[in-house]
Structures are given as structure tokens and as C-alpha cells.
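Colleague: My structure is stored as work-v9.txt, with compact mmCIF, C-alpha atoms.
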# COMPACT_ATOMS: atom_id res chain seq x y z
CA MET X 1 -0.15 -13.41 -7.69
CA LYS X 2 -0.33 -12.99 -3.94
CA ILE X 3 -0.72 -9.30 -3.22
CA LEU X 4 -0.74 -7.24 -0.04
CA VAL X 5 -3.10 -4.25 -0.09
CA THR X 6 -2.77 -1.86 2.83
CA GLY X 7 -5.68 0.43 3.62
CA ALA X 8 -7.97 -2.34 2.35
CA ALA X 9 -11.03 -0.89 4.09
CA GLY X 10 -10.42 2.52 2.56
CA PHE X 11 -12.03 4.13 -0.46
CA ILE X 12 -9.35 3.27 -3.02
CA GLY X 13 -8.12 0.19 -1.17
CA ALA X 14 -11.45 -1.64 -1.12
CA ARG X 15 -12.08 -1.04 -4.82
CA THR X 16 -8.52 -2.18 -5.61
CA VAL X 17 -9.05 -5.41 -3.67
CA GLU X 18 -12.32 -5.97 -5.51
CA ARG X 19 -10.63 -5.63 -8.90
CA LEU X 20 -7.68 -7.86 -7.93
CA LEU X 21 -10.02 -10.60 -6.77
CA ALA X 22 -12.08 -10.30 -9.96
CA ARG X 23 -9.02 -11.01 -12.07
CA GLY X 24 -7.94 -14.02 -9.99
CA ASP X 25 -5.25 -12.76 -7.61
CA ARG X 26 -4.96 -13.79 -3.97
CA VAL X 27 -5.12 -10.77 -1.67
CA VAL X 28 -4.26 -10.07 1.94
CA GLY X 29 -5.73 -6.77 3.10
CA VAL X 30 -4.74 -4.85 6.22
CA ASP X 31 -6.31 -1.79 7.81
CA ASN X 32 -6.33 -0.38 11.35
CA LEU X 33 -9.99 0.72 11.00
CA ASN X 34 -9.30 4.02 12.78
CA ASP X 35 -12.05 6.53 13.48
CA TYR X 36 -10.82 9.37 11.27
CA TYR X 37 -14.23 8.92 9.65
CA GLU X 38 -17.15 6.59 10.33
CA VAL X 39 -15.90 3.06 10.90
CA SER X 40 -19.25 1.63 9.79
CA LEU X 41 -18.52 2.74 6.22
CA LYS X 42 -15.17 0.93 6.29
CA LEU X 43 -16.81 -2.21 7.62
CA ALA X 44 -19.49 -2.00 4.92
CA ARG X 45 -16.78 -1.86 2.25
CA LEU X 46 -15.10 -4.92 3.76
CA GLN X 47 -18.41 -6.77 3.85
CA ARG X 48 -18.52 -6.58 0.06
CA LEU X 49 -15.07 -8.20 -0.25
CA GLN X 50 -15.77 -11.59 1.30
CA HIS X 51 -14.04 -14.13 -0.91
CA GLU X 52 -12.07 -17.36 -0.54
CA ARG X 53 -8.99 -15.63 -2.00
CA PHE X 54 -9.20 -12.64 0.37
CA GLU X 55 -7.91 -12.49 3.93
CA PHE X 56 -8.40 -9.38 6.04
CA LEU X 57 -6.25 -8.54 9.06
CA LYS X 58 -6.79 -5.63 11.40
CA LEU X 59 -3.27 -4.25 11.70
CA ASP X 60 -1.65 -0.86 12.12
CA ILE X 61 1.16 -0.37 9.60
CA ALA X 62 3.00 1.68 12.26
CA ASP X 63 3.31 -1.50 14.37
CA ARG X 64 6.83 -2.56 13.47
CA GLU X 65 6.74 -6.10 14.85
CA ALA X 66 3.31 -6.89 13.48
CA MET X 67 4.25 -5.74 9.99
CA ALA X 68 7.53 -7.66 10.04
CA SER X 69 5.64 -10.81 11.02
CA LEU X 70 3.02 -10.21 8.34
CA PHE X 71 5.61 -10.11 5.55
CA THR X 72 7.56 -13.07 6.90
CA GLU X 73 4.59 -15.33 7.58
CA ARG X 74 2.42 -14.55 4.53
CA GLY X 75 4.95 -13.78 1.79
CA PHE X 76 3.86 -11.48 -1.05
CA ASP X 77 4.72 -11.20 -4.71
CA ARG X 78 3.72 -7.53 -4.88
CA VAL X 79 2.46 -4.79 -2.58
CA VAL X 80 -0.10 -2.02 -3.13
CA HIS X 81 0.40 0.43 -0.29
CA LEU X 82 -2.63 2.69 0.10
CA ALA X 83 -2.87 3.03 3.89
CA ALA X 84 -2.17 6.56 5.11
CA GLN X 85 -3.46 9.31 7.29
CA ALA X 86 -5.28 11.35 4.67
CA GLY X 87 -6.51 14.93 4.60
CA VAL X 88 -4.74 18.25 4.20
CA ARG X 89 -6.64 20.24 6.82
CA TYR X 90 -6.50 17.51 9.46
CA SER X 91 -2.70 17.60 9.26
CA LEU X 92 -2.86 21.05 10.83
CA GLU X 93 -4.83 19.64 13.78
CA ASN X 94 -3.11 16.31 14.40
CA PRO X 95 0.39 16.30 12.85
CA HIS X 96 1.60 13.30 14.86
CA ALA X 97 -0.92 11.04 13.15
CA TYR X 98 0.81 11.78 9.84
CA MET X 99 4.25 10.91 11.16
CA ASP X 100 3.04 7.64 12.70
CA SER X 101 1.16 6.38 9.66
CA ASN X 102 2.77 8.07 6.66
CA ILE X 103 6.41 7.98 7.75
CA VAL X 104 6.85 5.19 10.33
CA GLY X 105 4.24 3.04 8.61
CA PHE X 106 5.83 3.50 5.21
CA LEU X 107 9.25 2.60 6.60
CA ASN X 108 7.78 -0.67 7.87
CA ILE X 109 6.40 -1.38 4.39
CA LEU X 110 9.80 -0.70 2.81
CA GLU X 111 11.53 -2.95 5.34
CA GLY X 112 9.02 -5.71 4.65
CA CYS X 113 9.68 -5.44 0.91
CA ARG X 114 13.45 -5.38 1.50
CA HIS X 115 13.63 -8.53 3.60
CA ASN X 116 11.06 -10.60 1.70
CA SER X 117 11.94 -10.25 -1.99
CA VAL X 118 8.85 -8.31 -3.05
CA GLU X 119 8.82 -7.95 -6.85
CA HIS X 120 7.16 -4.53 -7.01
CA LEU X 121 5.89 -1.92 -4.56
CA VAL X 122 3.20 0.47 -5.77
CA TYR X 123 2.31 3.19 -3.28
CA ALA X 124 0.03 6.19 -3.01
CA SER X 125 1.55 9.62 -3.25
CA SER X 126 -0.58 12.73 -3.80
CA SER X 127 -1.08 15.75 -6.02
CA SER X 128 -0.56 17.74 -2.81
CA VAL X 129 3.21 17.34 -3.27
CA TYR X 130 3.08 20.03 -5.97
CA GLY X 131 2.46 22.59 -3.23
CA ALA X 132 3.54 26.04 -4.33
CA ASN X 133 4.15 24.96 -7.95
CA GLU X 134 2.14 27.10 -10.37
CA THR X 135 3.08 25.77 -13.81
CA MET X 136 0.09 23.89 -15.25
CA PRO X 137 -0.45 21.07 -15.86
CA PHE X 138 1.57 19.62 -12.99
CA SER X 139 4.34 17.47 -14.43
CA VAL X 140 6.24 14.64 -12.73
CA HIS X 141 9.35 16.07 -14.38
CA ASP X 142 9.12 19.25 -12.27
CA ASN X 143 10.71 19.57 -8.84
CA VAL X 144 8.28 19.46 -5.91
CA ASP X 145 10.26 20.96 -3.06
CA HIS X 146 7.73 23.41 -1.60
CA PRO X 147 4.89 21.48 0.09
CA LEU X 148 2.18 23.57 1.75
CA SER X 149 0.96 21.06 4.34
CA LEU X 150 2.46 18.35 6.52
CA TYR X 151 0.35 15.82 4.63
CA ALA X 152 2.03 16.91 1.39
CA ALA X 153 5.46 16.81 3.02
CA SER X 154 4.83 13.26 4.25
CA LYS X 155 3.93 12.12 0.74
CA LYS X 156 7.02 13.76 -0.73
CA ALA X 157 9.03 12.01 1.99
CA ASN X 158 7.52 8.67 0.90
CA GLU X 159 8.82 9.22 -2.62
CA LEU X 160 12.31 9.98 -1.28
CA MET X 161 12.28 7.01 1.09
CA ALA X 162 11.19 4.68 -1.71
CA HIS X 163 13.99 5.96 -3.92
CA THR X 164 16.55 5.25 -1.22
CA TYR X 165 15.36 1.65 -0.86
CA SER X 166 15.21 1.18 -4.63
CA HIS X 167 18.78 2.46 -4.89
CA LEU X 168 20.22 0.52 -1.95
CA TYR X 169 18.34 -2.76 -2.24
CA GLY X 170 17.07 -2.89 -5.83
CA ILE X 171 13.38 -2.85 -4.81
CA PRO X 172 11.27 -1.80 -7.83
CA SER X 173 8.91 0.91 -6.59
CA THR X 174 6.34 3.15 -8.24
CA GLY X 175 4.67 6.15 -6.63
CA LEU X 176 1.30 7.34 -7.92
CA ARG X 177 0.30 10.94 -7.31
CA PHE X 178 -3.49 10.73 -6.99
CA PHE X 179 -5.55 13.72 -8.11
CA THR X 180 -8.84 14.25 -6.16
CA VAL X 181 -10.38 10.80 -6.31
CA TYR X 182 -14.18 10.67 -6.08
CA GLY X 183 -17.04 8.24 -6.61
CA PRO X 184 -19.28 5.69 -4.84
CA TRP X 185 -18.06 4.52 -1.40
CA GLY X 186 -15.96 7.68 -1.12
CA ARG X 187 -14.57 9.35 2.01
CA PRO X 188 -16.96 11.51 4.07
CA ASP X 189 -14.28 14.20 4.57
CA MET X 190 -14.10 14.96 0.85
CA ALA X 191 -16.01 17.69 -0.96
CA LEU X 192 -18.43 15.56 -3.00
CA PHE X 193 -19.56 13.62 0.07
CA LYS X 194 -19.97 16.70 2.27
CA PHE X 195 -21.72 18.73 -0.43
CA THR X 196 -24.17 15.95 -1.26
CA ARG X 197 -24.98 15.31 2.39
CA ASN X 198 -25.63 18.98 3.17
CA ILE X 199 -27.62 19.74 0.02
CA LEU X 200 -29.90 16.78 0.65
CA ALA X 201 -30.34 17.88 4.28
CA GLY X 202 -31.07 21.49 3.27
CA ARG X 203 -27.94 22.80 4.99
CA PRO X 204 -25.45 25.31 3.50
CA ILE X 205 -22.14 24.07 2.11
CA ASP X 206 -18.77 25.67 2.89
CA VAL X 207 -17.06 26.66 -0.36
CA TYR X 208 -13.44 27.70 0.10
CA ASN X 209 -11.46 30.16 -2.01
CA PHE X 210 -14.89 31.66 -2.83
CA GLY X 211 -15.47 28.80 -5.26
CA LYS X 212 -12.48 29.66 -7.45
CA HIS X 213 -10.71 26.33 -6.93
CA ARG X 214 -10.09 24.07 -9.90
CA ARG X 215 -9.59 20.36 -9.24
CA ASP X 216 -8.62 17.46 -11.49
CA PHE X 217 -11.46 15.24 -10.23
CA THR X 218 -10.71 11.59 -11.08
CA TYR X 219 -13.28 8.80 -10.89
CA ILE X 220 -12.50 5.84 -8.64
CA ASP X 221 -12.71 3.20 -11.40
CA ASP X 222 -10.24 5.12 -13.56
CA ILE X 223 -7.87 5.42 -10.60
CA VAL X 224 -8.00 1.71 -9.79
CA GLU X 225 -7.52 0.76 -13.43
CA GLY X 226 -4.33 2.84 -13.35
CA VAL X 227 -3.20 1.23 -10.10
CA LEU X 228 -3.57 -2.29 -11.54
CA ARG X 229 -1.88 -1.41 -14.79
CA THR X 230 1.01 0.11 -12.86
CA LEU X 231 1.25 -2.90 -10.55
CA ASP X 232 1.69 -5.14 -13.60
CA HIS X 233 4.32 -2.80 -15.09
CA VAL X 234 7.28 -3.33 -12.77
CA ALA X 235 9.39 -0.21 -12.31
CA THR X 236 12.73 -0.23 -14.12
CA GLN X 237 15.83 1.89 -14.27
CA ASN X 238 15.93 4.82 -16.69
CA PRO X 239 19.05 4.19 -18.83
CA LEU X 240 19.05 7.84 -19.93
CA TRP X 241 19.01 9.25 -16.39
CA THR X 242 21.93 11.48 -15.50
CA GLY X 243 22.93 13.19 -12.29
CA THR X 244 23.96 16.31 -14.18
CA VAL X 245 20.40 16.91 -15.40
CA PRO X 246 18.36 14.69 -13.06
CA ASP X 247 14.80 13.76 -14.02
CA PRO X 248 12.66 13.92 -10.83
CA ALA X 249 10.32 11.16 -12.13
CA SER X 250 12.88 8.40 -12.72
CA SER X 251 16.31 7.23 -11.66
CA ARG X 252 19.24 4.93 -12.20
CA ALA X 253 17.40 2.83 -9.61
CA PRO X 254 14.19 0.91 -10.47
CA TRP X 255 12.01 3.76 -9.24
CA ARG X 256 9.25 5.71 -10.99
CA ILE X 257 6.77 8.47 -10.21
CA TYR X 258 3.53 9.06 -12.14
CA ASN X 259 0.58 11.41 -11.98
CA ILE X 260 -2.77 9.65 -12.07
CA GLY X 261 -5.66 12.01 -12.81
CA GLN X 262 -8.38 12.89 -15.28
CA HIS X 263 -6.27 15.56 -17.03
CA GLN X 264 -9.35 17.83 -17.14
CA PRO X 265 -9.57 20.31 -14.25
CA VAL X 266 -13.08 21.38 -13.26
CA GLU X 267 -14.06 24.63 -11.59
CA LEU X 268 -15.50 23.99 -8.15
CA LEU X 269 -18.68 25.97 -8.85
CA HIS X 270 -19.32 23.85 -11.95
CA TYR X 271 -18.75 20.72 -9.86
CA ILE X 272 -21.33 21.97 -7.36
CA ALA X 273 -23.77 22.63 -10.22
CA LEU X 274 -23.39 18.99 -11.31
CA ILE X 275 -24.13 17.84 -7.77
CA GLU X 276 -27.22 20.09 -7.71
CA GLN X 277 -28.44 18.51 -10.95
CA ALA X 278 -27.88 14.99 -9.63
CA VAL X 279 -29.51 15.72 -6.27
CA GLY X 280 -32.35 17.78 -7.73
CA ARG X 281 -31.90 20.69 -5.31
CA LYS X 282 -30.05 23.99 -5.26
CA ALA X 283 -27.20 24.48 -2.80
CA GLU X 284 -26.90 27.32 -0.33
CA LEU X 285 -23.28 28.47 -0.65
CA ASN X 286 -21.25 29.72 2.30
CA LEU X 287 -18.34 31.35 0.45
CA LEU X 288 -15.11 31.39 2.46
CA PRO X 289 -11.44 32.31 1.87
CA MET X 290 -8.84 29.68 0.98
CA GLN X 291 -7.77 27.50 3.90
CA PRO X 292 -4.18 27.05 5.10
CA GLY X 293 -2.47 24.20 3.25
CA ASP X 294 -4.81 24.35 0.24
CA VAL X 295 -3.72 25.07 -3.32
CA PRO X 296 -5.96 26.97 -5.77
CA ASP X 297 -5.69 24.54 -8.70
CA THR X 298 -4.68 20.98 -9.55
CA TYR X 299 -4.20 19.72 -13.10
CA ALA X 300 -2.44 16.44 -13.91
CA ASP X 301 -0.12 15.83 -16.83
CA VAL X 302 -0.67 12.07 -17.27
CA GLU X 303 1.24 11.59 -20.52
CA ALA X 304 3.91 9.39 -18.93
CA LEU X 305 1.34 7.01 -17.42
CA MET X 306 -0.53 6.85 -20.71
CA GLN X 307 2.64 5.99 -22.62
CA ASP X 308 4.03 3.46 -20.14
CA VAL X 309 0.94 1.51 -19.05
CA GLY X 310 -1.82 2.56 -21.45
CA TYR X 311 -3.75 4.58 -18.86
CA HIS X 312 -6.81 6.33 -20.32
CA PRO X 313 -9.39 7.76 -17.88
CA SER X 314 -12.83 7.35 -19.38
CA THR X 315 -15.44 8.56 -16.88
CA PRO X 316 -16.81 12.10 -17.48
CA VAL X 317 -17.29 14.10 -14.30
CA ASP X 318 -21.06 14.45 -14.76
CA VAL X 319 -21.41 10.65 -14.97
CA GLY X 320 -19.18 10.15 -11.95
CA VAL X 321 -21.10 12.65 -9.82
CA HIS X 322 -24.44 11.04 -10.73
CA ASN X 323 -23.03 7.62 -9.85
CA PHE X 324 -21.95 8.89 -6.44
CA VAL X 325 -25.28 10.56 -5.67
CA ASP X 326 -27.15 7.39 -6.66
CA TRP X 327 -24.93 5.36 -4.35
CA TYR X 328 -25.31 7.88 -1.50
CA ARG X 329 -29.11 7.85 -1.71
CA GLU X 330 -29.19 4.05 -1.66
CA TYR X 331 -26.58 3.57 1.08
CA TYR X 332 -28.06 6.19 3.45
CA GLN X 333 -31.66 5.62 2.36
CA VAL X 334 -32.17 9.30 1.58
The structure given in the file should be rewritten as C-alpha cells.
Modeller:
Amino acid sequence: MKILVTGAAGFIGARTVERLLARGDRVVGVDNLNDYYEVSLKLARLQRLQHERFEFLKLDIADREAMASLFTERGFDRVVHLAAQAGVRYSLENPHAYMDSNIVGFLNILEGCRHNSVEHLVYASSSSVYGANETMPFSVHDNVDHPLSLYAASKKANELMAHTYSHLYGIPSTGLRFFTVYGPWGRPDMALFKFTRNILAGRPIDVYNFGKHRRDFTYIDDIVEGVLRTLDHVATQNPLWTGTVPDPASSRAPWRIYNIGQHQPVELLHYIALIEQAVGRKAELNLLPMQPGDVPDTYADVEALMQDVGYHPSTPVDVGVHNFVDWYREYYQV
């Protein structure tokens, strides 16, 4: 197939491109290479993707004309949309970046799919959409109407926008709610990266909610395996769906929502202990209260994804943390 991957220089995007190329697909990757975090890391990821079946274009998905031309001129069978302005805390500092990328950019993706007969759109949502929900594990069959950050609200909006286009234009679309992805080549703004960097440098680490967080840490390879399986499983209508008792995860339209996580939440202090073991040093903890926009726990119910596409995460968190630390030491020569 010919597949568009947006956010191709990103953490999940680059690994997704790598896997698609390995199985024989043709891939066009786009990314605006913004400076939200070090551009050199994004370029290093792209360097690993050089292949005769891969074309990279530096494009901003918020550029309406450029995206329309991309879809018209290249033509895609399927789309994996991973480009977004990420980060919960940053959405408090720069809200406009989230509207430009996550709302305007997503609209341009939907319009491209609409006018160019794309067979299936798979896009990144987030566990952040669960917001104020407290019932564990988080289920796609629960309503998610109380986001706690603009980032979360933008991802919920993506799900609603995709449903509208699936309903109006018959575009099969699947949203994947990612749960705390980690692993080699990860983002520097995420906990594992920051903790490892500071511990190795002998600096204290900031631990929010006094270390009482629990997160459903999910290894990058398990995430990407789920993305590819979902891409191959084109979203369909739910014949049992009814407007009197509506299921939030499906529809009369060809539209689906899934959680994609490890299904094993880990206490943050235990996660830090695993990093300490992998690094070979103890961390100095700077215990702080919970930050605005954060949630205390995440825990994914992944039963639907397991049943529909055979998703089975297989990487234990201790193995994943060691793999990241090994990569970090090699990449930064520490």
C-alpha cells in the first residue's frame, strides 16, 4: 500500500514508518520539524529511515493548501495521522499551538481523506481524554466529557471531528488512545527521558503528586504493532449501535475508538526504581504537588483492541526501561 504518515520524525511516527517499510509498504512521511524539543533528535530518527520506498516532506499539517496538494498529487491508500502538538503542561503555556496543529491540522487531514478516496484513517488520540473519569480501568465505552487540559480537549475534538466525517462521507476512521508511550528514541519532555538524563548527571528529578501517580506505561514496539494491526483492520459500522443507548466507542458510521496500552499500571516510584537499577545510580527526588491538567492514574482497558485486531502487548516495563537507558547512553555517549 501507499501510506501517508504524519509526524514521521516523531517518536511514534518514525518507528511506524520503519515497520511499514520493513513489511513492504510505500510511505510518504511529513513533519514540520518544529522546535518543541531538540530538532537534532528528529533529524537523527529520519536519518535511520532512508529507503527507496520512503519519501520525506517537510510540511506543516496546518498549511491548508500544502496539505490539499499533498493528497491530490501523491494519492494514498491509507493514512496514519500521528502529527500533533503534544504535552499536557505545555498546553497551559501555548494554547494556540494546540489549535493550529491539533484542530486545524486535523481538519486538513480529514479534508484530504474526503476528497481523495482514502480507504482508512488511523489517528492518534490520547488517554488524556479520560480527564476527570475515575472508574478504572478506563474503558472506551465510558463517556469522556470532562477533559482537564486543552491538549485533552483537542484530542477529544479529533474523535468528534472524525466521527462527523465518517458519518457524512463514509470515511472509515479509527482513533487510538495512546497510554504513556516510552522507549528508545523517545521524547525529551517525557518522564523517562528527563529522569534518566538528570540521574546520570547527578541532578534531582521533579516528581509530581509526591510520586503517587500510576501510569499505564506502554513500550513503543507494542504501540506500533497495535497501530499497524489497526491500520489493516478497516473500521466498520457497528450494526448493534443504537441512538437510544449510544456506545461511545462505535457508531452507525464506520468509526471506532480503541485504547492502546499495557493494561498494567505502574506506580511512579516503582518506575523510578527501575530507572535507578538500569542507570546504576540512586535518584535525588524533589517531591512536588500534582500539576494543573494532570490526572493521578491511567489504566487502559484494551479488551476491544485485543478482540478486534489481536493486540497483545508483550514488553515488561523493566525490559523497556533497560532498553531505553541503553539507547540513551549510546546516543548521548554517556
Colleague: Under the rule that all atoms listed in the file are counted, which of X:Val129, X:Ala66, X:Leu268, X:Ala162 is the nearest residue to Pro254 (chain X)?
Modeller: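 That would be X:Ala162, the residue with the smallest distance to Pro254 (chain X).
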Colleague: Tell me which of X:Gly170, X:Gly105, X:Pro296, X:Pro265 sits closest to Arg64 (chain X), counting all atoms listed in the file.
Modeller: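 Residue with the minimum atom-to-atom distance to Arg64 (chain X): X:Gly105.
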Colleague: Hey, could you make a per-residue contact list for region 265-327 of chain X against region 173-194 of chain X with 9 Å as the cut-off, showing the nearest pair of atoms and its distance in Å to one decimal, counting all atoms listed in the file, sorted by chain and number, as a Markdown table?
Modeller:
| residue | atom | partner | partner_atom | distance |
| --- | --- | --- | --- | --- |
| X:Tyr271 | CA | X:Leu192 | CA | 8.6 |
| X:Ile272 | CA | X:Leu192 | CA | 8.3 |
| X:Ile275 | CA | X:Leu192 | CA | 7.8 |
| X:Thr298 | CA | X:Phe179 | CA | 7.5 |
| X:Tyr299 | CA | X:Phe179 | CA | 7.9 |
| X:Ala300 | CA | X:Phe179 | CA | 7.1 |
| X:Gly320 | CA | X:Gly183 | CA | 6.1 |
| X:Val321 | CA | X:Gly183 | CA | 6.8 |
| X:His322 | CA | X:Gly183 | CA | 8.9 |
| X:Asn323 | CA | X:Pro184 | CA | 6.5 |
| X:Phe324 | CA | X:Pro184 | CA | 4.5 |
| X:Val325 | CA | X:Pro184 | CA | 7.8 |
| X:Asp326 | CA | X:Pro184 | CA | 8.3 |
| X:Trp327 | CA | X:Pro184 | CA | 5.7 |
Colleague: Put those residues in a file: C-alpha atoms, as a PDB file, in the frame of the given file.
Modeller:
ATOM      1  CA  TYR X 271     -18.750  20.720  -9.860  1.00  0.00           C
ATOM      2  CA  ILE X 272     -21.330  21.970  -7.360  1.00  0.00           C
ATOM      3  CA  ILE X 275     -24.130  17.840  -7.770  1.00  0.00           C
ATOM      4  CA  THR X 298      -4.680  20.980  -9.550  1.00  0.00           C
ATOM      5  CA  TYR X 299      -4.200  19.720 -13.100  1.00  0.00           C
ATOM      6  CA  ALA X 300      -2.440  16.440 -13.910  1.00  0.00           C
ATOM      7  CA  GLY X 320     -19.180  10.150 -11.950  1.00  0.00           C
ATOM      8  CA  VAL X 321     -21.100  12.650  -9.820  1.00  0.00           C
ATOM      9  CA  HIS X 322     -24.440  11.040 -10.730  1.00  0.00           C
ATOM     10  CA  ASN X 323     -23.030   7.620  -9.850  1.00  0.00           C
ATOM     11  CA  PHE X 324     -21.950   8.890  -6.440  1.00  0.00           C
ATOM     12  CA  VAL X 325     -25.280  10.560  -5.670  1.00  0.00           C
ATOM     13  CA  ASP X 326     -27.150   7.390  -6.660  1.00  0.00           C
ATOM     14  CA  TRP X 327     -24.930   5.360  -4.350  1.00  0.00           C
TER      15      TRP X 327
END
Colleague: So how far away is CA of Lys212 (chain X) from CA of His270 (chain X), in Å?
Modeller: 10.0 Å
Colleague: Of the candidates X:Val234, X:Pro95, X:Arg229, X:Pro248, which shows the shortest atom-to-atom distance to Leu160 (chain X), using all atoms listed in the file?
Modeller: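 Closest residue, counting all atoms listed in the file: X:Pro248.
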Colleague: Within 8 Å of Leu200 (chain X), counting all atoms listed in the file, which residues show up once you throw out same-chain ones fewer than 6 positions away? Write them as a PyMOL selection string, please.
Modeller: chain X and resi 279+281+334
Colleague: Go ahead and compute the interatomic distance for CA of Tyr219 (chain X) and CA of Asp247 (chain X), in Å to one decimal.
Modeller: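 Answer for the CA of Tyr219 (chain X) to CA of Asp247 (chain X) separation: 28.7 Å.
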Colleague: Report as a list of chain:residue names all protein, DNA and RNA residues lying within 12 Å of Ser69 (chain X), evaluated on only C-alpha atoms, omitting residues in the same chain fewer than 5 positions from it.
Modeller: X:Leu59, X:Ile61, X:Asp63, X:Arg64, X:Arg74, X:Gly75, X:Asn108, X:Ile109, X:Glu111, X:Gly112, X:His115, X:Asn116
Colleague: Would you work out the distance separating CA of Val207 (chain X) from CA of Asn286 (chain X), expressed in Å to one decimal?
Modeller: 5.8 Å
Colleague: Restricting the calculation to only C-alpha atoms: of X:Asp77, X:Asp60, X:Glu119, X:Glu38, which residue gets closest to Asp100 (chain X)?
Modeller: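 Closest candidate: X:Asp60.
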Colleague: Between X:Ile3, X:Leu240, X:Leu46, X:Ala152, single out the one closest to Val295 (chain X), counting all atoms listed in the file.
Modeller: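 That would be X:Ala152, the residue with the smallest distance to Val295 (chain X).
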Colleague: Looking at all atoms listed in the file, which of X:Val317, X:Leu107, X:Leu21, X:Ala273 is the one that sits closest to His51 (chain X)?
Modeller: X:Leu21
Colleague: So that I can check the surroundings of Gly24 (chain X), please list as a list in words every protein, DNA and RNA residue that reaches within 10 Å of it, counting all atoms listed in the file and ignoring chain neighbours fewer than 3 positions away.
Modeller: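 Once the nearby chain positions are removed, what remains is Met1, Lys2, Arg19, Leu20, Leu21, Val27 and Arg53 of chain X.
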